[in-house]
Amino acid sequence: MLSGLREWFWQERLWFPEGLGWADLEDRDGRIYAKASDLWVALPIALVFLVVRQIFERMVATPLASLLGVKETVRLKAPHNPTLESYYCNVTKNPKQSSVESLCKQTGCSERQLQRWFRRRRNQDRPSLLKKFREASWRFTFYLLAFIAGLAALIDKPWLYDLKEMWEGFPVLTLLDSQYWYYMIELGFYGSLLFSVASDVKRKDFKEQIVHHVATILLISFSWCVNYIRAGTLIMLVHDSSDYLLESAKMFNYAGWRNTCNYIFILFAAIFIVTRLIIFPFRIMYCTWIYPVTVYPPFFGYYFFNGLLLVLQCLHIFWAVLIIRIAVRFLTNNEKVDDERSDKDETDESEEEEEEKKEMKKNGPVQNGHAVHNNNHRKTE
């Protein structure tokens with residue numbers, strides 16, 4: 001049954017235009033072509049990335065954080081309480097008012113003490129500023145190096161300037177060494193991100209990030225198997241062209257360099273919109289969706305490849321809305337740039353308690369709703 005499923009999955013009519021097949025991609029006359037078995041190389045590369053990342057974060061990112069002045073906020077720990085801990089872990093991290101009253105009776109705590117306990121406990125689960133900085137530093141380093149390497153590999157290739165050239169001679173396209181390593185390293189990196197997703201900083205777009213990683217891995221793997229390599233290298237280059245700017249903006253944000261963060265973010269927003277909302281859909285997707293049908297009739301692989309590109313484009317639009325919202329808020333109200341996807345630490349006091357403190361600072365101590373005046377004047381001789 002397994003062999004039959006494998007035979008059905010790799011049948012030529014699914015992955016190639018009519019009249020072409022796997023035999024056309026067999027090595028001969030010194031010409032080497034991409035093979036599905038090559039993709040196994042990405043697995044050890046992904047494991048190497050996980051090890052290198054740990055070393056990088058300890059040996060490079062941590063000293064860099066200290067150099068840039070990344071400062072941790074002091075977080076007060078929630079006192080040990082088995083009843084509240086069980087409720088927090090097994091029921092919800094944000095109890096409703098009815099649950100608060102019930103928990104107050106069980107624990108003997110006041111409502112204010114209970115709410116403070118949950119605020120402190122939620123803060124304990126949030127990633128530290130140093131953890132965020134180290135993660136951003138690692139991604140910044142990879143995306144920057146990947147963009148430089150990808151640009152160097154494509155700078156002299158005709159399909160970088162005339163996108164229709166990506167289909168010239170398809171599918172009999174000889175594999176270049178630069179294409180091989182560009183593909184394997186990118187695939188290994190995204191594989192490592194998928195392996196480390198459980199321990200990485202979780203943001204509000206966590207599910208979208210998982211979809212993005214899976215779609216990217218499928219896209220890279222599929223384009224390799226059926227020799228869509230020229231299109232694949234262009235897609236990877238477009239994505240790497242702005243990602244390193246976002247990660248560098250995060251680094252400066254965590255370090256408290258507000259102005260630097262703001263200006264880098266605006267530059268990132270501009271490049272993201274141009275590359276992901278203009279070049280990607282209207283140039284690259286045009287040459288993978290519209291142009292190929294003028295060369296050969298559509299087949300399953302054609303629809304599958306472009307379907308994955310559509311998934312990526314939907315994610316681009318989703319993130320573009322968040323980016324534009326942040327950029328507009330900064331440009332119109334001069335507010336600082338903050339990552340809307342990240343949870344922020346809660347203060348130790350509730351909003352009502354903070355208001356009370358502000359009033360006390362403004363009017364002095366308050367007793368029974370009235371200001372208390374100090375009548376203990378110093379006696380003078």
# chains A, B, ... in the order shown; residues from 1 in each chain; ligands from 1
>>> select_by_dssp(residues="stretch 91-219 of chain A", states="helix (DSSP H, G or I)", output="PyMOL selection string")
chain A and resi 97-107+111-125+129-154+158-160+163-167+177-195+206-219
>>> closest_atom_pairs(of="stretch 5-124 of chain A", to="stretch 281-300 of chain A", cutoff="8 Å", atoms="only C-alpha atoms", output="Markdown table")
| residue | atom | partner | partner_atom | distance |
| --- | --- | --- | --- | --- |
| A:Arg13 | CA | A:Phe299 | CA | 7.3 |
| A:Leu14 | CA | A:Phe300 | CA | 5.0 |
| A:Trp15 | CA | A:Phe300 | CA | 6.3 |
| A:Phe16 | CA | A:Phe299 | CA | 6.9 |
| A:Pro17 | CA | A:Phe299 | CA | 6.1 |
| A:Glu18 | CA | A:Pro297 | CA | 7.6 |
>>> residues_around(residues="A:Gln11", least_positions_apart="5", cutoff="10 Å", atoms="only C-alpha atoms", output="list of chain:residue names")
A:Arg6, A:Phe16, A:Gly21, A:Trp22
>>> atom_distance(atom1="atom CA of A:Tyr244", atom2="atom CA of A:Thr62")
18.6 Å
>>> closest_residue(among="A:Leu2, A:Ile229, A:Val211, A:Ile220", to="A:Leu312", atoms="only C-alpha atoms")
A:Val211
>>> closest_residue(among="A:Arg325, A:Lys202, A:Lys96, A:His239", to="A:Val274", atoms="only C-alpha atoms")
A:His239
>>> residues_around(residues="A:Ser241", least_positions_apart="2", cutoff="12 Å", atoms="only C-alpha atoms", output="PDB file with N, CA, C and O atoms, in the first residue's frame")
ATOM      1  N   PHE A 140      18.388  38.423  12.777  1.00  0.00           N
ATOM      2  CA  PHE A 140      18.994  39.528  12.017  1.00  0.00           C
ATOM      3  C   PHE A 140      20.258  39.059  11.311  1.00  0.00           C
ATOM      4  O   PHE A 140      20.462  39.334  10.119  1.00  0.00           O
ATOM      5  N   PHE A 142      21.204  35.991  10.451  1.00  0.00           N
ATOM      6  CA  PHE A 142      20.954  35.058   9.357  1.00  0.00           C
ATOM      7  C   PHE A 142      20.348  35.768   8.150  1.00  0.00           C
ATOM      8  O   PHE A 142      20.807  35.584   7.019  1.00  0.00           O
ATOM      9  N   TYR A 143      19.288  36.565   8.366  1.00  0.00           N
ATOM     10  CA  TYR A 143      18.612  37.206   7.238  1.00  0.00           C
ATOM     11  C   TYR A 143      19.537  38.135   6.469  1.00  0.00           C
ATOM     12  O   TYR A 143      19.478  38.209   5.238  1.00  0.00           O
ATOM     13  N   LEU A 144      20.403  38.849   7.191  1.00  0.00           N
ATOM     14  CA  LEU A 144      21.334  39.753   6.509  1.00  0.00           C
ATOM     15  C   LEU A 144      22.329  38.969   5.665  1.00  0.00           C
ATOM     16  O   LEU A 144      22.548  39.290   4.482  1.00  0.00           O
ATOM     17  N   LEU A 145      22.930  37.926   6.247  1.00  0.00           N
ATOM     18  CA  LEU A 145      23.891  37.112   5.504  1.00  0.00           C
ATOM     19  C   LEU A 145      23.221  36.383   4.344  1.00  0.00           C
ATOM     20  O   LEU A 145      23.799  36.256   3.257  1.00  0.00           O
ATOM     21  N   ALA A 146      21.981  35.901   4.571  1.00  0.00           N
ATOM     22  CA  ALA A 146      21.255  35.197   3.507  1.00  0.00           C
ATOM     23  C   ALA A 146      20.939  36.143   2.359  1.00  0.00           C
ATOM     24  O   ALA A 146      21.031  35.754   1.176  1.00  0.00           O
ATOM     25  N   PHE A 147      20.564  37.380   2.675  1.00  0.00           N
ATOM     26  CA  PHE A 147      20.260  38.351   1.615  1.00  0.00           C
ATOM     27  C   PHE A 147      21.510  38.681   0.809  1.00  0.00           C
ATOM     28  O   PHE A 147      21.474  38.723  -0.427  1.00  0.00           O
ATOM     29  N   ILE A 148      22.636  38.901   1.496  1.00  0.00           N
ATOM     30  CA  ILE A 148      23.890  39.210   0.803  1.00  0.00           C
ATOM     31  C   ILE A 148      24.319  38.034  -0.067  1.00  0.00           C
ATOM     32  O   ILE A 148      24.710  38.212  -1.237  1.00  0.00           O
ATOM     33  N   ALA A 149      24.236  36.809   0.488  1.00  0.00           N
ATOM     34  CA  ALA A 149      24.629  35.620  -0.272  1.00  0.00           C
ATOM     35  C   ALA A 149      23.701  35.394  -1.464  1.00  0.00           C
ATOM     36  O   ALA A 149      24.153  35.054  -2.568  1.00  0.00           O
ATOM     37  N   GLY A 150      22.393  35.588  -1.258  1.00  0.00           N
ATOM     38  CA  GLY A 150      21.438  35.410  -2.349  1.00  0.00           C
ATOM     39  C   GLY A 150      21.649  36.424  -3.452  1.00  0.00           C
ATOM     40  O   GLY A 150      21.581  36.088  -4.647  1.00  0.00           O
ATOM     41  N   LEU A 151      21.920  37.653  -3.073  1.00  0.00           N
ATOM     42  CA  LEU A 151      22.175  38.696  -4.071  1.00  0.00           C
ATOM     43  C   LEU A 151      23.448  38.402  -4.851  1.00  0.00           C
ATOM     44  O   LEU A 151      23.495  38.577  -6.084  1.00  0.00           O
ATOM     45  N   LEU A 234      14.492  33.534  -6.507  1.00  0.00           N
ATOM     46  CA  LEU A 234      13.956  34.895  -6.542  1.00  0.00           C
ATOM     47  C   LEU A 234      13.000  35.148  -5.370  1.00  0.00           C
ATOM     48  O   LEU A 234      13.028  36.210  -4.750  1.00  0.00           O
ATOM     49  N   ILE A 235      12.165  34.155  -5.071  1.00  0.00           N
ATOM     50  CA  ILE A 235      11.207  34.296  -3.969  1.00  0.00           C
ATOM     51  C   ILE A 235      11.944  34.423  -2.640  1.00  0.00           C
ATOM     52  O   ILE A 235      11.594  35.259  -1.796  1.00  0.00           O
ATOM     53  N   MET A 236      12.985  33.626  -2.430  1.00  0.00           N
ATOM     54  CA  MET A 236      13.755  33.695  -1.183  1.00  0.00           C
ATOM     55  C   MET A 236      14.467  35.036  -1.064  1.00  0.00           C
ATOM     56  O   MET A 236      14.529  35.628   0.020  1.00  0.00           O
ATOM     57  N   LEU A 237      15.005  35.541  -2.174  1.00  0.00           N
ATOM     58  CA  LEU A 237      15.697  36.834  -2.145  1.00  0.00           C
ATOM     59  C   LEU A 237      14.747  37.964  -1.776  1.00  0.00           C
ATOM     60  O   LEU A 237      15.089  38.837  -0.960  1.00  0.00           O
ATOM     61  N   VAL A 238      13.541  37.949  -2.345  1.00  0.00           N
ATOM     62  CA  VAL A 238      12.543  38.982  -2.039  1.00  0.00           C
ATOM     63  C   VAL A 238      12.183  38.964  -0.554  1.00  0.00           C
ATOM     64  O   VAL A 238      12.057  40.023   0.078  1.00  0.00           O
ATOM     65  N   HIS A 239      12.051  37.783   0.021  1.00  0.00           N
ATOM     66  CA  HIS A 239      11.689  37.686   1.436  1.00  0.00           C
ATOM     67  C   HIS A 239      12.831  38.127   2.347  1.00  0.00           C
ATOM     68  O   HIS A 239      12.604  38.772   3.373  1.00  0.00           O
ATOM     69  N   ASP A 243      13.515  41.346   5.893  1.00  0.00           N
ATOM     70  CA  ASP A 243      13.406  40.720   7.217  1.00  0.00           C
ATOM     71  C   ASP A 243      14.508  41.173   8.172  1.00  0.00           C
ATOM     72  O   ASP A 243      14.276  41.332   9.376  1.00  0.00           O
ATOM     73  N   TYR A 244      15.729  41.365   7.672  1.00  0.00           N
ATOM     74  CA  TYR A 244      16.827  41.765   8.560  1.00  0.00           C
ATOM     75  C   TYR A 244      16.609  43.167   9.128  1.00  0.00           C
ATOM     76  O   TYR A 244      17.071  43.469  10.243  1.00  0.00           O
ATOM     77  N   LEU A 245      15.899  44.020   8.393  1.00  0.00           N
ATOM     78  CA  LEU A 245      15.601  45.362   8.904  1.00  0.00           C
ATOM     79  C   LEU A 245      14.615  45.290  10.068  1.00  0.00           C
ATOM     80  O   LEU A 245      14.749  46.025  11.060  1.00  0.00           O
ATOM     81  N   LEU A 246      13.614  44.419   9.961  1.00  0.00           N
ATOM     82  CA  LEU A 246      12.659  44.262  11.052  1.00  0.00           C
ATOM     83  C   LEU A 246      13.360  43.771  12.319  1.00  0.00           C
ATOM     84  O   LEU A 246      13.112  44.294  13.414  1.00  0.00           O
ATOM     85  N   GLU A 247      14.238  42.780  12.164  1.00  0.00           N
ATOM     86  CA  GLU A 247      14.929  42.240  13.336  1.00  0.00           C
ATOM     87  C   GLU A 247      15.871  43.268  13.952  1.00  0.00           C
ATOM     88  O   GLU A 247      16.002  43.342  15.184  1.00  0.00           O
ATOM     89  N   LEU A 267      11.892  52.444   7.339  1.00  0.00           N
ATOM     90  CA  LEU A 267      12.595  51.927   6.161  1.00  0.00           C
ATOM     91  C   LEU A 267      12.152  50.499   5.859  1.00  0.00           C
ATOM     92  O   LEU A 267      11.905  50.143   4.700  1.00  0.00           O
ATOM     93  N   PHE A 268      12.046  49.685   6.903  1.00  0.00           N
ATOM     94  CA  PHE A 268      11.564  48.310   6.727  1.00  0.00           C
ATOM     95  C   PHE A 268      10.160  48.292   6.129  1.00  0.00           C
ATOM     96  O   PHE A 268       9.877  47.511   5.215  1.00  0.00           O
ATOM     97  N   ALA A 269       9.259  49.143   6.663  1.00  0.00           N
ATOM     98  CA  ALA A 269       7.876  49.178   6.179  1.00  0.00           C
ATOM     99  C   ALA A 269       7.833  49.502   4.690  1.00  0.00           C
ATOM    100  O   ALA A 269       7.076  48.884   3.927  1.00  0.00           O
ATOM    101  N   ALA A 270       8.654  50.462   4.265  1.00  0.00           N
ATOM    102  CA  ALA A 270       8.671  50.854   2.854  1.00  0.00           C
ATOM    103  C   ALA A 270       9.155  49.702   1.968  1.00  0.00           C
ATOM    104  O   ALA A 270       8.541  49.388   0.936  1.00  0.00           O
ATOM    105  N   ILE A 271      10.245  49.036   2.379  1.00  0.00           N
ATOM    106  CA  ILE A 271      10.782  47.932   1.585  1.00  0.00           C
ATOM    107  C   ILE A 271       9.830  46.739   1.602  1.00  0.00           C
ATOM    108  O   ILE A 271       9.636  46.069   0.580  1.00  0.00           O
ATOM    109  N   PHE A 272       9.212  46.475   2.753  1.00  0.00           N
ATOM    110  CA  PHE A 272       8.259  45.367   2.856  1.00  0.00           C
ATOM    111  C   PHE A 272       7.094  45.570   1.886  1.00  0.00           C
ATOM    112  O   PHE A 272       6.706  44.642   1.163  1.00  0.00           O
ATOM    113  N   ILE A 273       6.533  46.769   1.871  1.00  0.00           N
ATOM    114  CA  ILE A 273       5.378  47.041   1.006  1.00  0.00           C
ATOM    115  C   ILE A 273       5.762  46.918  -0.461  1.00  0.00           C
ATOM    116  O   ILE A 273       5.029  46.328  -1.274  1.00  0.00           O
ATOM    117  N   VAL A 274       6.946  47.431  -0.821  1.00  0.00           N
ATOM    118  CA  VAL A 274       7.381  47.375  -2.221  1.00  0.00           C
ATOM    119  C   VAL A 274       7.642  45.928  -2.647  1.00  0.00           C
ATOM    120  O   VAL A 274       7.209  45.500  -3.727  1.00  0.00           O
ATOM    121  N   THR A 275       8.354  45.170  -1.804  1.00  0.00           N
ATOM    122  CA  THR A 275       8.737  43.805  -2.196  1.00  0.00           C
ATOM    123  C   THR A 275       7.599  42.797  -2.062  1.00  0.00           C
ATOM    124  O   THR A 275       7.418  41.939  -2.934  1.00  0.00           O
ATOM    125  N   ARG A 276       6.795  42.902  -0.962  1.00  0.00           N
ATOM    126  CA  ARG A 276       5.774  41.878  -0.696  1.00  0.00           C
ATOM    127  C   ARG A 276       4.414  42.196  -1.304  1.00  0.00           C
ATOM    128  O   ARG A 276       3.641  41.279  -1.576  1.00  0.00           O
ATOM    129  N   ILE A 279       6.254  43.844  -5.877  1.00  0.00           N
ATOM    130  CA  ILE A 279       7.129  42.976  -6.666  1.00  0.00           C
ATOM    131  C   ILE A 279       6.670  41.518  -6.606  1.00  0.00           C
ATOM    132  O   ILE A 279       6.576  40.843  -7.639  1.00  0.00           O
ATOM    133  N   PHE A 280       6.368  41.027  -5.396  1.00  0.00           N
ATOM    134  CA  PHE A 280       6.002  39.610  -5.256  1.00  0.00           C
ATOM    135  C   PHE A 280       4.722  39.258  -6.021  1.00  0.00           C
ATOM    136  O   PHE A 280       4.728  38.327  -6.838  1.00  0.00           O
TER     137      PHE A 280
END
>>> atom_distance(atom1="atom CA of A:Val91", atom2="atom CA of A:Phe118")
12.6 Å
>>> atom_distance(atom1="atom CA of A:Ile217", atom2="atom CA of A:Asn253")
29.7 Å
>>> closest_atom_pairs(of="stretch 1-84 of chain A", to="stretch 157-179 of chain A", cutoff="12 Å", atoms="only C-alpha atoms", output="tab-separated table")
residue	atom	partner	partner_atom	distance
A:Trp15	CA	A:Pro171	CA	10.6
A:Phe16	CA	A:Pro171	CA	8.2
A:Pro17	CA	A:Pro171	CA	9.1
A:Glu18	CA	A:Pro171	CA	11.7
A:Gly19	CA	A:Pro171	CA	11.2
A:Leu20	CA	A:Pro171	CA	8.0
A:Gly21	CA	A:Pro171	CA	8.8
A:Trp22	CA	A:Pro171	CA	9.6
A:Ala23	CA	A:Val172	CA	10.1
A:Asp24	CA	A:Val172	CA	6.4
A:Leu25	CA	A:Val172	CA	6.3
A:Glu26	CA	A:Val172	CA	9.4
A:Asp27	CA	A:Thr174	CA	9.2
A:Arg28	CA	A:Thr174	CA	10.4
A:Asp29	CA	A:Thr174	CA	11.0
A:Gly30	CA	A:Thr174	CA	9.6
A:Arg31	CA	A:Thr174	CA	6.0
A:Ile32	CA	A:Leu175	CA	5.6
A:Tyr33	CA	A:Leu175	CA	5.1
A:Ala34	CA	A:Leu175	CA	6.2
A:Lys35	CA	A:Leu175	CA	9.9
A:Asp38	CA	A:Leu175	CA	11.8
